[in-house]
Amino acid sequence: MLNLYDYIFYFFAIVILGSSFVVVFSRNIVHSAFALLFTFFGVAGFYVLLSADFLAITQLLVYVGGILVLLLFGVMLTNNIVNVEIKSGTMQTLPASLIAALIAGLLCGIFYVSNWYLVPTTPELLNNTTAVAIGYAFITTWILPFEVASVVLLVAMIGAVIIARREKAPEVE
Amino acid sequence: MTFTVSLNHFIFVSAILFSLGIYAVLTRRNAIMVLMGIELILNSANINFVAFSRYAGMDVNGHLAAIFVIFLAACEAAVALAIVLNIYKQFNTVNVDEVSTMKD
């Protein structure tokens, strides 16, 4: 018997898979970028269904607010809109689709036959907010990766600014 | 295989998302489309982390791994787009198969 949770799951699954099909197969790169928005929203919905509230908000802030806008800027700055070059071509579709289908079949088969170690959870645990637990874990168990990640973010920010602002190098012979 | 949602349903969706991302990385000529494929792959990995964390006793460590993946995805997107902008300035194209000066 399907309940509301299952219907919401299937709705988000259709959103994710449909929009990622548009991302992968659309000929127009701007359409792909906008379909990616719906994929990210669907993944955030999955996080809510999996009772990961903090992660759902992070997904919306970082992916939709940051990475997607960055990708759109990349599309705008690197395609001459006046040209017809906005269509992006594909290559080697047949071997690539074989490889992708092989990977999908293999993964689904492995997932289907595997006997996962599952621990039943209590409803109180699922209804709690995860932000407190994530904060404690960040400053206890995961303190070293947390500090390294902050340094990596700083290095990536400075590096991106320096690389993108570099003047045009002399022509390659 | 029942229709009531369990762990398997989430990881099936993530497996299909992963192979779609692989297909985009392998076939697209535009470097920005390759980046979008990488974002799809990272998202599918994140779904797996969170799903396993939910069905293995709501352990919060899976959430932390997913947060680090999001950190690194943001860094990767910023640096990769800076490189793509430089390639566009240099070669006037962002098609990955036309940028082959080092091969010649």
# chains A, B, ... in the order shown; residues from 1 in each chain; ligands from 1
call {"tool": "residues_around", "arguments": {"residues": "Leu49 of chain A", "least_positions_apart": "4", "cutoff": "9 Å", "atoms": "only C-alpha atoms", "output": "PyMOL selection string"}}
result
chain A and resi 5+8-9+44-45+53
call {"tool": "select_by_dssp", "arguments": {"residues": "segment 20-136 of chain A", "states": "helix (DSSP H, G or I)", "output": "ChimeraX atom specification"}}
result
/A:20-25,29-49,53-78,93-113,123-127,131-136
call {"tool": "closest_residue", "arguments": {"among": "A:Leu106, A:Val151, A:Ile134, A:Leu36", "to": "Leu64 of chain B", "atoms": "only C-alpha atoms"}}
result
A:Ile134
call {"tool": "closest_atom_pairs", "arguments": {"of": "segment 16-113 of chain A", "to": "segment 19-38 of chain B", "cutoff": "8 Å", "atoms": "only C-alpha atoms", "output": "Markdown table"}}
result
| residue | atom | partner | partner_atom | distance |
| --- | --- | --- | --- | --- |
| A:Ser20 | CA | B:Leu20 | CA | 7.3 |
| A:Phe21 | CA | B:Leu20 | CA | 7.3 |
| A:Val24 | CA | B:Ala24 | CA | 5.4 |
| A:Ile29 | CA | B:Met33 | CA | 7.3 |
| A:Ala33 | CA | B:Met36 | CA | 7.8 |
| A:Leu36 | CA | B:Met36 | CA | 7.8 |
| A:Leu71 | CA | B:Ile32 | CA | 7.1 |
| A:Gly74 | CA | B:Ile32 | CA | 7.1 |
| A:Val75 | CA | B:Ile32 | CA | 7.0 |
| A:Ser88 | CA | B:Asn30 | CA | 6.0 |
| A:Gly89 | CA | B:Arg29 | CA | 5.8 |
| A:Thr90 | CA | B:Arg28 | CA | 4.7 |
| A:Met91 | CA | B:Thr27 | CA | 5.0 |
| A:Gln92 | CA | B:Thr27 | CA | 6.0 |
| A:Thr93 | CA | B:Thr27 | CA | 5.8 |
| A:Ala96 | CA | B:Tyr23 | CA | 5.9 |
| A:Ser97 | CA | B:Tyr23 | CA | 6.3 |
| A:Ile99 | CA | B:Tyr23 | CA | 7.9 |
| A:Ala100 | CA | B:Ser19 | CA | 4.9 |
| A:Ala101 | CA | B:Ser19 | CA | 7.0 |
| A:Ile103 | CA | B:Ser19 | CA | 6.2 |
| A:Ala104 | CA | B:Ser19 | CA | 5.6 |
call {"tool": "closest_residue", "arguments": {"among": "B:Ala77, B:Val50, B:Ile67, B:Val96", "to": "Ala149 of chain A", "atoms": "only C-alpha atoms"}}
result
B:Ile67
call {"tool": "closest_residue", "arguments": {"among": "B:Phe91, B:Val79, B:Phe49, B:Glu39", "to": "chain A", "atoms": "only C-alpha atoms"}}
result
B:Val79
call {"tool": "atom_distance", "arguments": {"atom1": "atom CA of Phe111 of chain A", "atom2": "atom CA of Leu42 of chain B"}}
result
18.4 Å
call {"tool": "select_by_dssp", "arguments": {"residues": "chain B", "states": "strand (DSSP E or B)", "output": "ChimeraX atom specification"}}
result
/B:28,30,56,95
call {"tool": "closest_residue", "arguments": {"among": "A:Leu144, A:Ile57, A:Ala35, A:Val62", "to": "chain B", "atoms": "only C-alpha atoms"}}
result
A:Val62
